[in-house]
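One structure is given below, encoded as structure tokens.
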Amino acid sequence: MCGIYDKISSMDKIIIANWKMNPASLKEAEKIAKESDVEDLIICPPFLFLEAVSKTIHKAKLGAQDLFWEDKGAYTGEVSPVELKNLGVKYAIIGHSERRQNLGETDKIVAKKIAAAVDNDLTPILCVGETKDERAAGKTEEIIKRELKIGLSLLANQPHTLNPIIAYEPIWAIGTGTPDTPENMLNMVKFIKETLVTSGYTLNPKIIYGGSVNSQNAEEFLKHEEINGALVGGASLKSEEIIKIVKIAKQY
Ligand code: 13P
């Protein structure tokens, strides 16, 4: 399966470093990138540091944390998929819960961004996940289903060569130090695959986990064949942590 991944990665698992709005200076960004430059890692720095990081890394791959859905034009403050592609970016995180919650990013916007990424040969990393309240109300599956169905809707009827990566990131587990359980993630992987089939989507995505992953708990997730990798926030800013996580992933 998934020829595109085989070309760019020597291992089956995908580890993605989402630096979010960190660090504060170019110098620090270059330092972290240099120290984290290992194969099989995708580094997603802030837009501002993409170019410097692209020049610093030789083994890791480059990802963006977002993109705009148009290729060019009068869209103040936005960054286009074409600009990213021309900079050597290969991946783009799309629909992160922090953008959905803080910036009102809707499923329809996410769908446009996913399509724009694929049109420009960028592998989209679609983030889905429920809040604590939604989970408590028993709405987890409803939310994930909606985010998948709409988020991927513009790819569904198009011929595509890139499979998206789907990151299940329960919002209550992000930045809290309390990850979800591997058992729940395994159920979620099954649910995501079933949802794609019942929606008539012939996509074959890698499905990864995100939310308080660190070098202490990564193995519990990565040892399962069904869990194809991890999306790491806070721990990815410490190079020794992210390198340990990549090493754990390589064992499976
Ligand atoms: P943390 O690893 O800091 O919980 O963040 C997860 C995340 O949101 C990655 O996209």
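In the structure tokens, each chain is lettered A, B, ... as it comes, each chain's residues begin at 1, and ligands are numbered from 1 in order of appearance.
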
For Leu62 of chain A, find every residue with an atom within 10 Å (counting only C-alpha atoms), except residues of its own chain fewer than 6 positions away, and show them as a ChimeraX atom specification. /A:16-17,41-45,50-51,53-54,84,87-92

With N, CA, C and O atoms kept, could you save the residues just selected as an mmCIF file, in the first residue's frame?
data_model
loop_
_atom_site.group_PDB
_atom_site.id
_atom_site.type_symbol
_atom_site.label_atom_id
_atom_site.label_comp_id
_atom_site.auth_asym_id
_atom_site.auth_seq_id
_atom_site.Cartn_x
_atom_site.Cartn_y
_atom_site.Cartn_z
ATOM 1 N N ILE A 16 5.721 12.986 13.319
ATOM 2 C CA ILE A 16 5.604 14.386 12.877
ATOM 3 C C ILE A 16 5.792 15.311 14.072
ATOM 4 O O ILE A 16 5.137 15.135 15.110
ATOM 5 N N ALA A 17 6.694 16.268 13.918
ATOM 6 C CA ALA A 17 6.956 17.255 14.965
ATOM 7 C C ALA A 17 6.176 18.521 14.642
ATOM 8 O O ALA A 17 6.474 19.197 13.648
ATOM 9 N N LEU A 41 11.630 11.626 10.191
ATOM 10 C CA LEU A 41 10.935 12.645 10.973
ATOM 11 C C LEU A 41 10.455 13.746 10.017
ATOM 12 O O LEU A 41 11.177 14.126 9.091
ATOM 13 N N ILE A 42 9.256 14.217 10.263
ATOM 14 C CA ILE A 42 8.730 15.356 9.496
ATOM 15 C C ILE A 42 8.648 16.525 10.461
ATOM 16 O O ILE A 42 7.961 16.431 11.484
ATOM 17 N N ILE A 43 9.368 17.597 10.156
ATOM 18 C CA ILE A 43 9.381 18.757 11.054
ATOM 19 C C ILE A 43 8.466 19.849 10.489
ATOM 20 O O ILE A 43 8.610 20.263 9.336
ATOM 21 N N CYS A 44 7.537 20.305 11.326
ATOM 22 C CA CYS A 44 6.596 21.358 10.921
ATOM 23 C C CYS A 44 6.829 22.596 11.781
ATOM 24 O O CYS A 44 6.193 22.777 12.825
ATOM 25 N N PRO A 45 7.724 23.475 11.358
ATOM 26 C CA PRO A 45 7.977 24.711 12.111
ATOM 27 C C PRO A 45 6.951 25.777 11.731
ATOM 28 O O PRO A 45 6.185 25.588 10.790
ATOM 29 N N LEU A 50 10.319 28.265 8.063
ATOM 30 C CA LEU A 50 10.371 27.141 7.116
ATOM 31 C C LEU A 50 11.628 27.170 6.252
ATOM 32 O O LEU A 50 12.297 26.155 6.062
ATOM 33 N N GLU A 51 11.945 28.343 5.747
ATOM 34 C CA GLU A 51 13.076 28.419 4.814
ATOM 35 C C GLU A 51 14.391 28.091 5.525
ATOM 36 O O GLU A 51 15.202 27.305 5.019
ATOM 37 N N VAL A 53 14.782 26.374 8.271
ATOM 38 C CA VAL A 53 14.801 24.954 8.658
ATOM 39 C C VAL A 53 15.087 24.087 7.431
ATOM 40 O O VAL A 53 15.838 23.111 7.506
ATOM 41 N N SER A 54 14.519 24.466 6.280
ATOM 42 C CA SER A 54 14.757 23.677 5.058
ATOM 43 C C SER A 54 16.247 23.649 4.718
ATOM 44 O O SER A 54 16.758 22.672 4.183
ATOM 45 N N LEU A 84 4.564 26.993 -0.631
ATOM 46 C CA LEU A 84 5.130 25.937 0.234
ATOM 47 C C LEU A 84 5.864 24.896 -0.600
ATOM 48 O O LEU A 84 6.991 24.499 -0.292
ATOM 49 N N LEU A 87 9.180 25.822 -1.779
ATOM 50 C CA LEU A 87 10.185 25.908 -0.709
ATOM 51 C C LEU A 87 10.672 24.517 -0.301
ATOM 52 O O LEU A 87 11.528 24.375 0.562
ATOM 53 N N GLY A 88 10.096 23.486 -0.896
ATOM 54 C CA GLY A 88 10.522 22.123 -0.565
ATOM 55 C C GLY A 88 9.676 21.460 0.509
ATOM 56 O O GLY A 88 10.034 20.410 1.042
ATOM 57 N N VAL A 89 8.539 22.071 0.823
ATOM 58 C CA VAL A 89 7.628 21.471 1.813
ATOM 59 C C VAL A 89 6.931 20.263 1.170
ATOM 60 O O VAL A 89 6.530 20.311 0.004
ATOM 61 N N LYS A 90 6.816 19.194 1.928
ATOM 62 C CA LYS A 90 6.202 17.961 1.397
ATOM 63 C C LYS A 90 4.873 17.625 2.065
ATOM 64 O O LYS A 90 4.117 16.808 1.546
ATOM 65 N N TYR A 91 4.647 18.172 3.238
ATOM 66 C CA TYR A 91 3.464 17.816 4.040
ATOM 67 C C TYR A 91 2.796 19.088 4.557
ATOM 68 O O TYR A 91 3.459 20.114 4.721
ATOM 69 N N ALA A 92 1.526 18.979 4.894
ATOM 70 C CA ALA A 92 0.853 20.113 5.555
ATOM 71 C C ALA A 92 -0.173 19.592 6.551
ATOM 72 O O ALA A 92 -1.037 18.773 6.196
#

Distance limit 7 Å, reference ligand 1, atoms considered: only C-alpha atoms and all ligand atoms. Which residues make the cut? Give them as number ranges by chain. A: 18, 96, 169, 173-177, 210-213, 231-235

Residues from last step as file, N, CA and C atoms, as a PDB file, in the first residue's frame:
ATOM      1  N   ASN A  18       5.178  18.831  15.455  1.00  0.00           N
ATOM      2  CA  ASN A  18       4.413  20.074  15.282  1.00  0.00           C
ATOM      3  C   ASN A  18       4.910  21.072  16.322  1.00  0.00           C
ATOM      4  N   HIS A  96      -6.058  21.414  12.298  1.00  0.00           N
ATOM      5  CA  HIS A  96      -5.664  21.185  13.699  1.00  0.00           C
ATOM      6  C   HIS A  96      -6.731  21.782  14.616  1.00  0.00           C
ATOM      7  N   GLU A 169      -6.461  13.253  17.161  1.00  0.00           N
ATOM      8  CA  GLU A 169      -5.934  14.009  18.296  1.00  0.00           C
ATOM      9  C   GLU A 169      -7.100  14.416  19.195  1.00  0.00           C
ATOM     10  N   ALA A 173      -6.674  15.592  25.214  1.00  0.00           N
ATOM     11  CA  ALA A 173      -5.359  14.974  25.475  1.00  0.00           C
ATOM     12  C   ALA A 173      -4.205  15.869  25.022  1.00  0.00           C
ATOM     13  N   ILE A 174      -4.525  16.945  24.290  1.00  0.00           N
ATOM     14  CA  ILE A 174      -3.473  17.806  23.742  1.00  0.00           C
ATOM     15  C   ILE A 174      -2.917  18.718  24.830  1.00  0.00           C
ATOM     16  N   GLY A 175      -1.618  18.628  25.048  1.00  0.00           N
ATOM     17  CA  GLY A 175      -0.941  19.532  25.983  1.00  0.00           C
ATOM     18  C   GLY A 175      -1.328  19.339  27.439  1.00  0.00           C
ATOM     19  N   THR A 176      -1.950  18.218  27.761  1.00  0.00           N
ATOM     20  CA  THR A 176      -2.411  18.013  29.140  1.00  0.00           C
ATOM     21  C   THR A 176      -1.512  17.059  29.924  1.00  0.00           C
ATOM     22  N   GLY A 177      -0.648  16.341  29.227  1.00  0.00           N
ATOM     23  CA  GLY A 177       0.169  15.334  29.898  1.00  0.00           C
ATOM     24  C   GLY A 177      -0.583  14.023  30.087  1.00  0.00           C
ATOM     25  N   GLY A 210      -2.117  11.591  18.149  1.00  0.00           N
ATOM     26  CA  GLY A 210      -1.503  12.797  18.722  1.00  0.00           C
ATOM     27  C   GLY A 210      -2.200  13.209  19.998  1.00  0.00           C
ATOM     28  N   GLY A 211      -1.422  13.741  20.943  1.00  0.00           N
ATOM     29  CA  GLY A 211      -1.980  14.200  22.220  1.00  0.00           C
ATOM     30  C   GLY A 211      -1.133  13.712  23.374  1.00  0.00           C
ATOM     31  N   SER A 212      -0.215  14.605  23.829  1.00  0.00           N
ATOM     32  CA  SER A 212       0.663  14.302  24.979  1.00  0.00           C
ATOM     33  C   SER A 212       1.567  13.092  24.752  1.00  0.00           C
ATOM     34  N   VAL A 213       2.020  12.924  23.499  1.00  0.00           N
ATOM     35  CA  VAL A 213       2.992  11.849  23.239  1.00  0.00           C
ATOM     36  C   VAL A 213       4.371  12.327  23.685  1.00  0.00           C
ATOM     37  N   LEU A 231       1.823  12.248  16.075  1.00  0.00           N
ATOM     38  CA  LEU A 231       1.938  13.697  15.849  1.00  0.00           C
ATOM     39  C   LEU A 231       2.271  14.294  17.214  1.00  0.00           C
ATOM     40  N   VAL A 232       3.460  14.876  17.305  1.00  0.00           N
ATOM     41  CA  VAL A 232       3.998  15.265  18.610  1.00  0.00           C
ATOM     42  C   VAL A 232       4.103  16.785  18.702  1.00  0.00           C
ATOM     43  N   GLY A 233       3.538  17.352  19.759  1.00  0.00           N
ATOM     44  CA  GLY A 233       3.617  18.801  19.970  1.00  0.00           C
ATOM     45  C   GLY A 233       4.760  19.149  20.897  1.00  0.00           C
ATOM     46  N   GLY A 234       4.438  19.394  22.159  1.00  0.00           N
ATOM     47  CA  GLY A 234       5.411  19.883  23.139  1.00  0.00           C
ATOM     48  C   GLY A 234       6.734  19.130  23.151  1.00  0.00           C
ATOM     49  N   ALA A 235       6.674  17.802  23.124  1.00  0.00           N
ATOM     50  CA  ALA A 235       7.911  17.010  23.222  1.00  0.00           C
ATOM     51  C   ALA A 235       8.798  17.177  21.989  1.00  0.00           C
TER      52      ALA A 235
END

Using only C-alpha atoms, what does the table of segment 9-96 of chain A residues within 9 Å of segment 127-138 of chain A look like, with each row giving the shortest atom pair and its distance in Å to one decimal, sorted by chain and ascending number, as a Markdown table?
| residue | atom | partner | partner_atom | distance |
| --- | --- | --- | --- | --- |
| A:Ile93 | CA | A:Cys127 | CA | 7.2 |
| A:Ile94 | CA | A:Cys127 | CA | 6.3 |
| A:Gly95 | CA | A:Cys127 | CA | 5.3 |
| A:His96 | CA | A:Cys127 | CA | 5.1 |

Can you tell me, as JSON, numbers by chain, what residues are no more than 12 Å from Lys27 of chain A when counting only C-alpha atoms, ignoring any on the same chain fewer than 4 positions away? {"A": [22, 23, 31, 32, 33, 34, 49, 52, 53, 56]}

Writer output for current selection, C-alpha atoms, as a PDB file, in the first residue's frame:
ATOM      1  CA  ASN A  22       7.462  27.995  18.889  1.00  0.00           C
ATOM      2  CA  PRO A  23      10.302  28.801  19.338  1.00  0.00           C
ATOM      3  CA  LYS A  31      19.301  24.865  16.783  1.00  0.00           C
ATOM      4  CA  ILE A  32      16.324  22.546  17.355  1.00  0.00           C
ATOM      5  CA  ALA A  33      16.174  21.663  13.650  1.00  0.00           C
ATOM      6  CA  LYS A  34      19.885  20.862  13.510  1.00  0.00           C
ATOM      7  CA  PHE A  49      11.154  29.531   9.974  1.00  0.00           C
ATOM      8  CA  ALA A  52      15.806  28.414   7.462  1.00  0.00           C
ATOM      9  CA  VAL A  53      14.801  24.954   8.658  1.00  0.00           C
ATOM     10  CA  THR A  56      19.348  23.279   8.102  1.00  0.00           C
TER      11      THR A  56
END

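The nearest approach to Glu35 of chain A among the residues A:Glu98, A:Glu194, A:Glu147, A:Glu240, with only C-alpha atoms taken into account, belongs to A:Glu240.
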
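Comparing A:Ile166, A:Ala117, A:Lys112, A:Asn214 by their smallest distance to Leu237 of chain A, the closest is A:Asn214 (using only C-alpha atoms).
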
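When only C-alpha atoms are used to compute distances to Trp172 of chain A, the closest of the residues A:Gln216, A:Thr198, A:Thr140, A:Ser80 turns out to be A:Thr140.
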
Based on DSSP run over this structure's backbone, return all residues of segment 24-155 of chain A in alpha helix (DSSP H), as an MDAnalysis selection string. chainID A and resid 26:35 47:56 81:86 97:103 107:119 132:136 140:151 153:155

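The space between atom CA of Val246 of chain A and atom CA of Ser25 of chain A spans 25.0 Å.
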
I'd like the neighbourhood of Ile192 of chain A as a ChimeraX atom specification, where a residue qualifies if any of its atoms comes within 10 Å (using only C-alpha atoms), though same-chain residues fewer than 6 positions away should be ignored. /A:141,144-145,148,166,168,186,198,205,207

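Of the residues in segment 44-208 of chain A, those that DSSP places in strand (DSSP E) on the basis of the backbone are Cys44, Lys61, Leu62, Gly63, Ala64, Tyr91, Ala92, Ile93, Ile94, Thr123, Pro124, Ile125, Leu126, Cys127, Val128, Ile165, Ile166, Ala167, Tyr168, Lys206, Ile207 and Ile208 of chain A.
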
Might you pull out every residue within 12 Å of Val110 of chain A, with only C-alpha atoms counted and same-chain residues fewer than 3 positions away left off, and present them as a ChimeraX atom specification? /A:66-69,92-97,99-100,104-107,113-117,124-128,146-155

Go ahead and dump the residues you just picked, C-alpha atoms, as a CSV table (one decimal), in the first residue's frame.
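Now in part_2.csv:
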chain,number,residue,atom,x,y,z
A,66,ASP,CA,-1.4,25.0,7.6
A,67,LEU,CA,-1.9,26.5,4.2
A,68,PHE,CA,-4.4,28.6,2.2
A,69,TRP,CA,-6.6,27.0,-0.4
A,92,ALA,CA,0.9,20.1,5.6
A,93,ILE,CA,-1.1,19.8,8.8
A,94,ILE,CA,-4.7,20.7,8.1
A,95,GLY,CA,-7.6,21.2,10.5
A,96,HIS,CA,-5.7,21.2,13.7
A,97,SER,CA,-8.1,21.6,16.6
A,99,ARG,CA,-7.2,26.4,14.4
A,100,ARG,CA,-10.7,25.0,14.5
A,104,GLY,CA,-13.2,29.2,13.6
A,105,GLU,CA,-11.8,26.9,10.9
A,106,THR,CA,-14.8,24.9,9.6
A,107,ASP,CA,-15.0,21.4,8.1
A,113,LYS,CA,-7.3,23.1,2.2
A,114,ILE,CA,-7.0,19.3,1.9
A,115,ALA,CA,-7.9,19.5,-1.8
A,116,ALA,CA,-5.4,22.4,-2.4
A,117,ALA,CA,-2.6,20.4,-0.7
A,124,PRO,CA,-2.2,16.6,3.9
A,125,ILE,CA,-2.2,15.6,7.6
A,126,LEU,CA,-5.9,15.9,8.5
A,127,CYS,CA,-6.4,16.3,12.2
A,128,VAL,CA,-9.7,15.1,13.8
A,146,ARG,CA,-18.4,14.5,10.4
A,147,GLU,CA,-14.8,15.8,10.3
A,148,LEU,CA,-13.7,12.9,8.1
A,149,LYS,CA,-16.7,13.0,5.7
A,150,ILE,CA,-16.6,16.7,5.1
A,151,GLY,CA,-12.8,17.1,5.4
A,152,LEU,CA,-12.1,14.6,2.7
A,153,SER,CA,-15.2,15.3,0.6
A,154,LEU,CA,-13.4,17.2,-2.2
A,155,LEU,CA,-10.9,14.4,-2.7

All residues 12 Å or closer to Phe221 of chain A, only C-alpha atoms, same chain fewer than 3 positions away omitted, as a PyMOL selection string: chain A and resi 13+15+179-186+189+207-218+224-231+245+248-249+252

Write the residues you've just listed into a file as a short mmCIF file (atom, residue, chain, number, x, y, z; two decimals), in the first residue's frame, and include N, CA and C atoms for each of them.
data_model
loop_
_atom_site.label_atom_id
_atom_site.label_comp_id
_atom_site.auth_asym_id
_atom_site.auth_seq_id
_atom_site.Cartn_x
_atom_site.Cartn_y
_atom_site.Cartn_z
N LYS A 13 6.35 3.65 10.10
CA LYS A 13 5.73 4.63 11.00
C LYS A 13 6.12 6.05 10.60
N ILE A 15 6.57 9.89 12.12
CA ILE A 15 6.61 10.76 13.30
C ILE A 15 6.65 12.20 12.81
N PRO A 179 -2.32 11.34 27.84
CA PRO A 179 -2.71 10.86 26.52
C PRO A 179 -3.92 9.94 26.59
N ASP A 180 -4.51 9.71 25.45
CA ASP A 180 -5.57 8.71 25.36
C ASP A 180 -4.94 7.34 25.62
N THR A 181 -5.76 6.31 25.76
CA THR A 181 -5.20 4.97 25.93
C THR A 181 -4.96 4.35 24.55
N PRO A 182 -3.95 3.49 24.43
CA PRO A 182 -3.73 2.79 23.16
C PRO A 182 -4.96 1.98 22.74
N GLU A 183 -5.69 1.43 23.73
CA GLU A 183 -6.88 0.63 23.40
C GLU A 183 -7.93 1.49 22.70
N ASN A 184 -8.13 2.68 23.25
CA ASN A 184 -9.11 3.58 22.61
C ASN A 184 -8.64 3.98 21.21
N MET A 185 -7.33 4.22 21.07
CA MET A 185 -6.80 4.59 19.75
C MET A 185 -6.99 3.46 18.75
N LEU A 186 -6.82 2.22 19.20
CA LEU A 186 -7.02 1.08 18.29
C LEU A 186 -8.48 1.03 17.83
N VAL A 189 -8.91 3.77 15.25
CA VAL A 189 -8.35 3.41 13.94
C VAL A 189 -9.39 2.59 13.17
N ILE A 207 -2.88 6.21 9.66
CA ILE A 207 -3.64 6.79 10.77
C ILE A 207 -2.72 6.87 11.99
N ILE A 208 -2.54 8.08 12.48
CA ILE A 208 -1.56 8.29 13.56
C ILE A 208 -2.25 8.91 14.78
N TYR A 209 -1.56 8.83 15.92
CA TYR A 209 -2.11 9.36 17.17
C TYR A 209 -1.37 10.64 17.58
N GLY A 210 -2.12 11.59 18.15
CA GLY A 210 -1.50 12.80 18.72
C GLY A 210 -2.20 13.21 20.00
N GLY A 211 -1.42 13.74 20.94
CA GLY A 211 -1.98 14.20 22.22
C GLY A 211 -1.13 13.71 23.37
N SER A 212 -0.21 14.61 23.83
CA SER A 212 0.66 14.30 24.98
C SER A 212 1.57 13.09 24.75
N VAL A 213 2.02 12.92 23.50
CA VAL A 213 2.99 11.85 23.24
C VAL A 213 4.37 12.33 23.68
N ASN A 214 5.09 11.45 24.38
CA ASN A 214 6.49 11.73 24.74
C ASN A 214 7.28 10.43 24.66
N SER A 215 8.57 10.51 25.01
CA SER A 215 9.40 9.31 24.84
C SER A 215 9.05 8.22 25.85
N GLN A 216 8.34 8.59 26.91
CA GLN A 216 7.93 7.61 27.92
C GLN A 216 6.71 6.78 27.48
N ASN A 217 5.80 7.43 26.77
CA ASN A 217 4.56 6.70 26.42
C ASN A 217 4.46 6.31 24.95
N ALA A 218 5.41 6.78 24.12
CA ALA A 218 5.29 6.56 22.67
C ALA A 218 5.20 5.08 22.30
N HIS A 224 1.87 -1.03 18.21
CA HIS A 224 0.73 -1.63 17.51
C HIS A 224 0.84 -1.38 16.00
N GLU A 225 0.72 -2.44 15.25
CA GLU A 225 0.83 -2.33 13.80
C GLU A 225 -0.20 -1.36 13.21
N GLU A 226 -1.39 -1.36 13.83
CA GLU A 226 -2.49 -0.54 13.28
C GLU A 226 -2.26 0.96 13.48
N ILE A 227 -1.41 1.31 14.45
CA ILE A 227 -1.15 2.74 14.70
C ILE A 227 0.11 3.13 13.92
N ASN A 228 -0.08 3.97 12.91
CA ASN A 228 0.99 4.20 11.94
C ASN A 228 1.97 5.32 12.30
N GLY A 229 1.82 5.90 13.49
CA GLY A 229 2.78 6.92 13.86
C GLY A 229 2.22 7.87 14.90
N ALA A 230 2.92 9.00 15.07
CA ALA A 230 2.52 9.96 16.11
C ALA A 230 2.73 11.38 15.63
N LEU A 231 1.82 12.25 16.07
CA LEU A 231 1.94 13.70 15.85
C LEU A 231 2.27 14.29 17.21
N ILE A 245 11.76 9.25 20.30
CA ILE A 245 10.48 8.78 19.76
C ILE A 245 10.68 8.17 18.36
N ILE A 248 12.19 4.75 18.76
CA ILE A 248 11.18 3.77 19.18
C ILE A 248 10.36 3.33 17.96
N ALA A 249 9.97 4.31 17.15
CA ALA A 249 9.15 4.00 15.96
C ALA A 249 9.88 3.06 15.01
N TYR A 252 9.47 -0.78 15.10
CA TYR A 252 8.20 -1.46 14.76
C TYR A 252 7.85 -1.31 13.29
#

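Interatomic distance, atom CA of Val197 of chain A to atom CA of Glu142 of chain A: 15.6 Å.
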